[in-house]
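Student: First, the structure itself, so that you have it in front of you.
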Amino acid sequence: MRTFNYACADLKGTALIETENLTKRFGGITAVEGLTLRVEEGEVFGLLGPNGAGKTTTMRMLSCLISKTSGEARVDGYEIGSADSINIRKIVGVLPESVGLFDDLSAYKNLDFYGRLYECAEEQRRTRIEQFLTMLGLWEKKDIAVGTFSKGMKQKVALARALIHDPKVIFLDEPTANLDPEASKTIRDFILEMKREKRTVFLNTHNLDEAQRVCDRIGIMKTKLLAVGPLEEMKGSLWGRKTVVRLERVTDAIVAAVKRLGTGKVEVRDAELIIDVSDPDRENPTIVDAIVASGGRVRFVDDLSPTLEDVYLRLVRN
Amino acid sequence: MKLWKSWAVATNDFSIFWKKKYVVYSLVGIPVTLSIGLPLALWLIMQGNPVSVRELEVVLNAFSFLFILLASFLPTILASYSFVGEKLEKNLEPLLATPTTDGELLLGKGLAAFLPSILTTYFGAAVFMGLVDRLAYHTLGTNYFPNWNTTVILLVAVPIACTFSVGVNIIISSLVSDLRAAQQLGILVLLPVGGLYVLAERDFMSLEVTNLIIISALLLVADAFLFYLSKVTFRREEILTKWK
């Protein structure tokens, strides 16, 4: 299996999360194998993968909820699985897959309790609770038991809980799973707000659209890390570049003329030619000239760009 | 260990208990029933036939011993809510993600089950002793309570038995994921204490100060063992990956 790694070489900022050959086994089952990763300060990093890919296990290891089997990992310079664990827990905020709020308590009391455990002063707790609940549109409902809240509202409270102590790193595990579009958008906007504030966010998600919208870089994993990097680079490296030429009619003469140019593979789909190119700016005019010279009439020319879904499926199914 | 964190965990649990009607009714209802029911039973006995001073003392010592059973029973309700309830609501993961040690969490949870149980037991015992003193004064010619026997029961045996019950229930709660199952299994903690009561009733042993101190010492040893066992049981990784 090919592994593409754009993670370390080009990054010049301060690494807030670094892992090297991080591995976790549960008995005979390997959940995470040889994960080497680097997440910069102020970066929104998305980890994608199918169910059972090891995303949650990775997040739990990095937030010191479970131990590693082997390898190394540091969060803000603190070593996971050592006496530093308590220091790591102080600087990370975690939004687990299950919100895990105290249903009988109000939103305010839930947040205040966690603020105390995160050692926030009373004034800081009060200010931040008001700030977050107002931002998330829940301040008016602050004294209502969260058990009566909708799933989206609970998720918002849980997100505020992850931020109550102003953490350096925020781990979000499927933050918009099973939410309606409006609630998903609120959560996504909140993540984008964190991005503007230059917070480091580690996002586990199945939602490819969400990852595409909010993440600076993306990692795709299936027990092992299959690829990591900015989405555009990943698309280019995995997919290559393709030019689509739509014609009035495709003839054998046109196809032969394009093939003679030797640009790359030529595929015919209905009235379209899909041509592998390495430098579209230079090759596209030549291709068009060849088609016109062979009697073809060009309706339009475009770049064929794969979606994140294409990249994801290609990697995961490989 | 930061004790204020344990206190934060305990007070949070108190707030949750306060919202659960079943817990509040049990915590108030059982001690009140016992503290009024036992003097009422005594009054009925004394109405029917004359009771000697010796017989009365035996009955009252046996009744006092029931407060050890009460202190063992009440934590079965609270500890099961505290642990199994959190398992069901899945709020252990965010709790474990905080910079709180296992010991601080365990102590907080233990206090949350211990303090309400012990306070309501003492409240019930105070009501019981007050009522009995009024009822038995005529026969005994003096107030029977407080005496050394009940002092040892309330200040030594009751806290130790309550701690024992908290320990057993923490371990049981880690093994089951159903609230009722946790409570039913938790009631097994009454067997050793109840067994002693039956032995006393059958005249195999007396519930005097020396025996009460020996029973308390044995329970104290069991408490230490249970504390160790619950620390071993309460592991973050196990809780997140194996507790169902």
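If you're wondering about the labels, chains in the structure tokens are A, B, ... by order shown, residues count from 1 in each chain, ligands from 1 in order shown.
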Counting only C-alpha atoms, what are the residues of chain A within 9 Å of chain B, and for each of them which pair of atoms is the nearest and at what distance in Å, to one decimal? Sort the table by chain and rising number, as a tab-separated table.

Tutor:
```
residue	atom	partner	partner_atom	distance
A:Arg60	CA	B:Ala97	CA	8.9
A:Ser63	CA	B:Ala97	CA	7.0
A:Cys64	CA	B:Ala97	CA	7.4
A:Leu65	CA	B:Ala97	CA	6.2
A:Ile66	CA	B:Glu237	CA	4.9
A:Ser67	CA	B:Glu237	CA	7.1
A:Ser85	CA	B:Pro99	CA	8.3
A:Ile86	CA	B:Pro99	CA	5.1
A:Asn87	CA	B:Pro99	CA	7.2
A:Ile88	CA	B:Pro99	CA	8.0
A:Arg89	CA	B:Pro99	CA	5.0
A:Lys90	CA	B:Pro99	CA	5.4
A:Val92	CA	B:Ala97	CA	8.5
A:Gly93	CA	B:Ala97	CA	7.9
A:Val94	CA	B:Ala97	CA	6.8
A:Leu95	CA	B:Pro94	CA	7.4
A:Pro96	CA	B:Pro94	CA	7.0
A:Ser98	CA	B:Lys90	CA	6.6
A:Val99	CA	B:Asn91	CA	7.3
A:Gly100	CA	B:Asn91	CA	3.6
A:Leu101	CA	B:Asn91	CA	5.7
A:Phe102	CA	B:Asn91	CA	6.9
A:Asp103	CA	B:Glu89	CA	7.9
A:Asp104	CA	B:Ile16	CA	6.1
A:Leu105	CA	B:Ile16	CA	6.7
A:Lys109	CA	B:Asn12	CA	8.6
A:Asn110	CA	B:Asn12	CA	8.8
A:Phe113	CA	B:Asn12	CA	6.9
A:Tyr114	CA	B:Thr98	CA	7.7
A:Arg116	CA	B:Ala8	CA	7.2
A:Leu117	CA	B:Lys5	CA	6.2
A:Tyr118	CA	B:Thr98	CA	6.2
A:Glu119	CA	B:Pro99	CA	8.5
A:Arg161	CA	B:Pro94	CA	8.9
A:Ala162	CA	B:Pro94	CA	8.6
```

Student: What's the 10 Å shell around stretch 116-130 of chain B, counting only C-alpha atoms, without same-chain residues fewer than 3 positions away, as a VMD selection string?

Tutor: chain B and resid 14 17 24 27 to 40 60 63 to 64 66 to 78 111 to 113 133 to 135 143 to 146 150 154 to 155 158 to 159 161 to 163 166

Student: Could you list, as a ChimeraX atom specification, every residue within 10 Å of A:Leu225, counting only C-alpha atoms and ignoring same-chain residues fewer than 4 positions away?

Tutor: /A:3-5,32-37,47-49,53-54,219-221

Student: Which one is closest to A:Arg25: A:Asp112, A:Ala145, A:Thr186, A:Thr223? Count only C-alpha atoms.

Tutor: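 Closest residue, counting only C-alpha atoms: A:Thr223.
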
Student: For stretch 174-179 of chain B, work out the shell of residues within 8 Å, counting only C-alpha atoms and skipping chain neighbours fewer than 6 positions away, then give it as an mmCIF file with N, CA and C atoms, in the first residue's frame.

Tutor:
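Result written to around.cif:
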```
data_model
loop_
_atom_site.group_PDB
_atom_site.id
_atom_site.type_symbol
_atom_site.label_atom_id
_atom_site.label_comp_id
_atom_site.auth_asym_id
_atom_site.auth_seq_id
_atom_site.Cartn_x
_atom_site.Cartn_y
_atom_site.Cartn_z
ATOM 1 N N SER B 80 -24.636 3.187 43.129
ATOM 2 C CA SER B 80 -25.057 2.663 41.829
ATOM 3 C C SER B 80 -25.421 3.810 40.888
ATOM 4 N N TYR B 81 -26.088 4.854 41.431
ATOM 5 C CA TYR B 81 -26.401 6.013 40.593
ATOM 6 C C TYR B 81 -25.130 6.726 40.165
ATOM 7 N N PHE B 83 -22.050 5.613 39.754
ATOM 8 C CA PHE B 83 -21.177 4.965 38.764
ATOM 9 C C PHE B 83 -21.946 4.431 37.566
ATOM 10 N N VAL B 84 -22.967 3.594 37.822
ATOM 11 C CA VAL B 84 -23.700 3.000 36.696
ATOM 12 C C VAL B 84 -24.457 4.089 35.939
ATOM 13 N N GLY B 85 -25.009 5.060 36.690
ATOM 14 C CA GLY B 85 -25.711 6.172 36.056
ATOM 15 C C GLY B 85 -24.790 6.899 35.085
ATOM 16 N N LYS B 87 -22.147 5.644 33.675
ATOM 17 C CA LYS B 87 -21.852 4.740 32.559
ATOM 18 C C LYS B 87 -22.960 4.861 31.523
ATOM 19 N N LEU B 88 -24.232 4.839 32.023
ATOM 20 C CA LEU B 88 -25.361 4.872 31.108
ATOM 21 C C LEU B 88 -25.426 6.206 30.367
ATOM 22 N N THR B 233 -9.610 -1.560 40.160
ATOM 23 C CA THR B 233 -10.731 -1.650 39.214
ATOM 24 C C THR B 233 -10.900 -0.357 38.422
ATOM 25 N N PHE B 234 -10.688 0.771 39.105
ATOM 26 C CA PHE B 234 -10.967 2.071 38.508
ATOM 27 C C PHE B 234 -9.782 2.539 37.663
ATOM 28 N N TRP B 243 -15.601 -1.094 29.986
ATOM 29 C CA TRP B 243 -16.856 -0.945 30.727
ATOM 30 C C TRP B 243 -17.987 -0.803 29.730
ATOM 31 N N LYS B 244 -18.970 -1.646 29.879
ATOM 32 C CA LYS B 244 -20.104 -1.604 28.943
ATOM 33 C C LYS B 244 -21.315 -1.027 29.656
#
```

Student: If we count only C-alpha atoms, what is near stretch 246-249 of chain A at a cut-off of 7 Å, once residues fewer than 4 positions away on the same chain are taken out, given as a ChimeraX atom specification?

Tutor: /A:271-273,296-301

Student: Please save C-alpha atoms of the selected residues as a PDB file, in the first residue's frame.

Tutor:
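What ended up in again_14.pdb:
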```
ATOM      1  CA  ALA A 271     -18.783  13.433 -26.286  1.00  0.00           C
ATOM      2  CA  GLU A 272     -15.863  14.127 -23.941  1.00  0.00           C
ATOM      3  CA  LEU A 273     -12.177  13.438 -24.065  1.00  0.00           C
ATOM      4  CA  GLY A 296     -13.413  18.584 -34.197  1.00  0.00           C
ATOM      5  CA  ARG A 297     -15.583  21.395 -32.795  1.00  0.00           C
ATOM      6  CA  VAL A 298     -14.720  22.257 -29.146  1.00  0.00           C
ATOM      7  CA  ARG A 299     -17.570  23.257 -26.883  1.00  0.00           C
ATOM      8  CA  PHE A 300     -15.540  23.754 -23.699  1.00  0.00           C
ATOM      9  CA  VAL A 301     -12.278  22.831 -21.952  1.00  0.00           C
TER      10      VAL A 301
END
```

Student: Using the chain letters and numbers from this document, which residues of stretch 36-238 of chain B does DSSP assign to alpha helix (DSSP H), as a short mmCIF file (atom, residue, chain, number, x, y, z; two decimals) with C-alpha atoms, in the first residue's frame?

Tutor:
```
data_model
loop_
_atom_site.label_atom_id
_atom_site.label_comp_id
_atom_site.auth_asym_id
_atom_site.auth_seq_id
_atom_site.Cartn_x
_atom_site.Cartn_y
_atom_site.Cartn_z
CA ILE B 36 -40.28 5.83 63.84
CA GLY B 37 -41.17 2.20 63.10
CA LEU B 38 -38.83 0.68 65.70
CA PRO B 39 -40.08 2.81 68.63
CA LEU B 40 -43.63 2.11 67.44
CA ALA B 41 -42.92 -1.63 67.52
CA LEU B 42 -41.46 -1.23 71.00
CA TRP B 43 -44.52 0.65 72.16
CA LEU B 44 -46.78 -2.09 70.82
CA ILE B 45 -44.71 -4.79 72.59
CA MET B 46 -44.88 -2.88 75.85
CA GLN B 47 -48.64 -2.44 75.52
CA GLY B 48 -49.27 -6.16 75.32
CA VAL B 53 -35.35 -4.14 82.15
CA ARG B 54 -32.97 -6.85 80.86
CA GLU B 55 -35.31 -7.81 78.01
CA LEU B 56 -35.76 -4.18 77.08
CA GLU B 57 -31.99 -3.61 76.98
CA VAL B 58 -31.52 -6.62 74.67
CA VAL B 59 -34.24 -5.39 72.33
CA LEU B 60 -32.87 -1.84 72.26
CA ASN B 61 -29.31 -3.04 71.58
CA ALA B 62 -30.63 -5.15 68.71
CA PHE B 63 -32.60 -2.19 67.35
CA SER B 64 -29.51 0.03 67.56
CA PHE B 65 -27.58 -2.53 65.55
CA LEU B 66 -30.08 -2.09 62.72
CA PHE B 67 -28.55 1.34 62.09
CA ILE B 68 -25.37 -0.44 60.98
CA LEU B 69 -27.53 -2.27 58.44
CA LEU B 70 -29.09 1.03 57.39
CA ALA B 71 -25.66 2.63 56.89
CA SER B 72 -24.68 -0.38 54.77
CA PHE B 73 -27.84 -0.25 52.69
CA LEU B 74 -28.09 3.44 51.73
CA PRO B 75 -24.80 3.55 49.74
CA THR B 76 -26.14 0.78 47.48
CA ILE B 77 -28.63 3.32 46.10
CA LEU B 78 -26.21 6.22 45.79
CA ALA B 79 -23.09 4.43 44.54
CA SER B 80 -25.06 2.66 41.83
CA TYR B 81 -26.40 6.01 40.59
CA SER B 82 -22.98 7.56 40.88
CA PHE B 83 -21.18 4.96 38.76
CA VAL B 84 -23.70 3.00 36.70
CA GLY B 85 -25.71 6.17 36.06
CA GLU B 86 -22.61 7.82 34.61
CA LYS B 87 -21.85 4.74 32.56
CA LEU B 88 -25.36 4.87 31.11
CA GLU B 89 -25.20 8.62 30.42
CA LEU B 92 -17.22 9.30 32.34
CA GLU B 93 -15.11 10.06 29.25
CA PRO B 94 -15.23 13.87 29.55
CA LEU B 95 -14.74 13.49 33.29
CA LEU B 96 -11.65 11.35 32.77
CA ASP B 102 -8.03 8.47 39.60
CA GLY B 103 -7.68 8.86 43.36
CA GLU B 104 -9.39 12.27 43.35
CA LEU B 105 -12.29 10.95 41.26
CA LEU B 106 -12.65 7.82 43.35
CA LEU B 107 -12.57 9.76 46.60
CA GLY B 108 -15.14 12.23 45.24
CA LYS B 109 -17.47 9.44 44.15
CA GLY B 110 -16.96 7.65 47.46
CA LEU B 111 -17.77 10.80 49.45
CA ALA B 112 -20.87 11.37 47.33
CA ALA B 113 -22.21 7.97 48.43
CA PHE B 114 -20.84 8.10 51.98
CA LEU B 115 -21.85 11.54 53.29
CA PRO B 116 -25.61 11.51 52.55
CA SER B 117 -25.82 7.91 53.81
CA ILE B 118 -24.07 8.64 57.09
CA LEU B 119 -25.91 11.92 57.70
CA THR B 120 -29.36 10.43 57.15
CA THR B 121 -28.40 7.42 59.29
CA TYR B 122 -27.40 9.78 62.11
CA PHE B 123 -30.58 11.75 61.66
CA GLY B 124 -32.63 8.55 61.85
CA ALA B 125 -30.67 7.36 64.89
CA ALA B 126 -31.22 10.68 66.68
CA VAL B 127 -34.98 10.49 66.11
CA PHE B 128 -34.99 6.82 67.18
CA MET B 129 -33.07 7.51 70.40
CA GLY B 130 -35.23 10.49 71.30
CA LEU B 131 -38.47 8.54 70.85
CA VAL B 132 -37.19 5.44 72.66
CA ASP B 133 -36.00 7.50 75.62
CA ARG B 134 -39.49 8.93 76.00
CA LEU B 135 -41.15 5.52 75.67
CA ALA B 136 -38.78 3.49 77.87
CA TYR B 137 -38.14 6.02 80.61
CA HIS B 138 -41.01 4.71 82.68
CA THR B 139 -39.68 1.12 82.61
CA LEU B 140 -35.96 1.91 82.90
CA TRP B 148 -21.44 3.29 75.27
CA ASN B 149 -22.99 0.65 73.10
CA THR B 150 -24.72 3.09 70.75
CA THR B 151 -21.73 5.44 70.86
CA VAL B 152 -19.56 2.64 69.47
CA VAL B 158 -21.65 2.83 61.26
CA PRO B 159 -18.93 4.84 59.38
CA ILE B 160 -16.84 1.70 58.88
CA ALA B 161 -19.82 -0.33 57.62
CA CYS B 162 -20.87 2.55 55.37
CA THR B 163 -17.34 2.73 53.90
CA PHE B 164 -17.42 -1.03 53.39
CA SER B 165 -20.67 -0.74 51.49
CA VAL B 166 -19.35 2.14 49.34
CA GLY B 167 -16.29 0.03 48.44
CA VAL B 168 -18.34 -3.05 47.55
CA ASN B 169 -20.76 -0.99 45.47
CA ILE B 170 -17.98 0.75 43.53
CA ILE B 171 -16.64 -2.66 42.54
CA ILE B 172 -20.09 -4.01 41.68
CA SER B 173 -20.85 -0.91 39.62
CA SER B 174 -17.73 -1.51 37.56
CA LEU B 175 -18.96 -5.00 36.68
CA LEU B 179 -28.89 0.26 37.58
CA ARG B 180 -31.27 -2.28 39.11
CA ALA B 181 -28.74 -5.10 38.81
CA ALA B 182 -26.16 -2.92 40.57
CA GLN B 183 -28.59 -2.17 43.39
CA GLN B 184 -29.70 -5.79 43.73
CA LEU B 185 -26.14 -7.06 43.84
CA GLY B 186 -25.18 -4.21 46.14
CA LEU B 190 -26.02 -6.59 53.94
CA LEU B 191 -25.42 -10.32 54.26
CA PRO B 192 -22.40 -10.24 56.62
CA VAL B 193 -23.86 -7.48 58.80
CA GLY B 194 -27.31 -9.07 58.73
CA GLY B 195 -25.73 -12.42 59.59
CA LEU B 196 -24.19 -10.93 62.72
CA TYR B 197 -27.59 -9.54 63.69
CA VAL B 198 -29.18 -12.96 63.31
CA LEU B 199 -26.39 -14.56 65.36
CA ALA B 200 -27.02 -12.03 68.10
CA GLU B 201 -30.75 -12.64 68.01
CA VAL B 209 -19.10 -2.95 73.19
CA THR B 210 -16.20 -5.44 72.90
CA ASN B 211 -17.90 -7.48 70.19
CA LEU B 212 -18.90 -4.35 68.32
CA ILE B 213 -15.28 -3.16 68.35
CA ILE B 214 -14.09 -6.55 67.06
CA ILE B 215 -16.73 -6.47 64.28
CA SER B 216 -15.70 -2.91 63.40
CA ALA B 217 -12.02 -3.87 63.30
CA LEU B 218 -12.77 -6.72 60.90
CA LEU B 219 -14.81 -4.39 58.68
CA LEU B 220 -11.97 -1.87 58.78
CA VAL B 221 -9.57 -4.49 57.41
CA ALA B 222 -12.14 -5.28 54.71
CA ASP B 223 -12.39 -1.51 53.95
CA ALA B 224 -8.66 -1.29 53.35
CA PHE B 225 -8.78 -4.31 51.03
CA LEU B 226 -11.78 -2.89 49.16
CA PHE B 227 -10.09 0.49 48.75
CA TYR B 228 -7.13 -1.26 47.13
CA LEU B 229 -9.46 -3.36 44.98
CA SER B 230 -11.50 -0.37 43.81
CA LYS B 231 -8.32 1.54 42.88
CA VAL B 232 -7.26 -1.47 40.81
CA THR B 233 -10.73 -1.65 39.21
CA ARG B 236 -9.21 4.99 32.85
CA GLU B 237 -8.38 2.71 29.95
CA GLU B 238 -10.55 -0.12 31.26
#
```
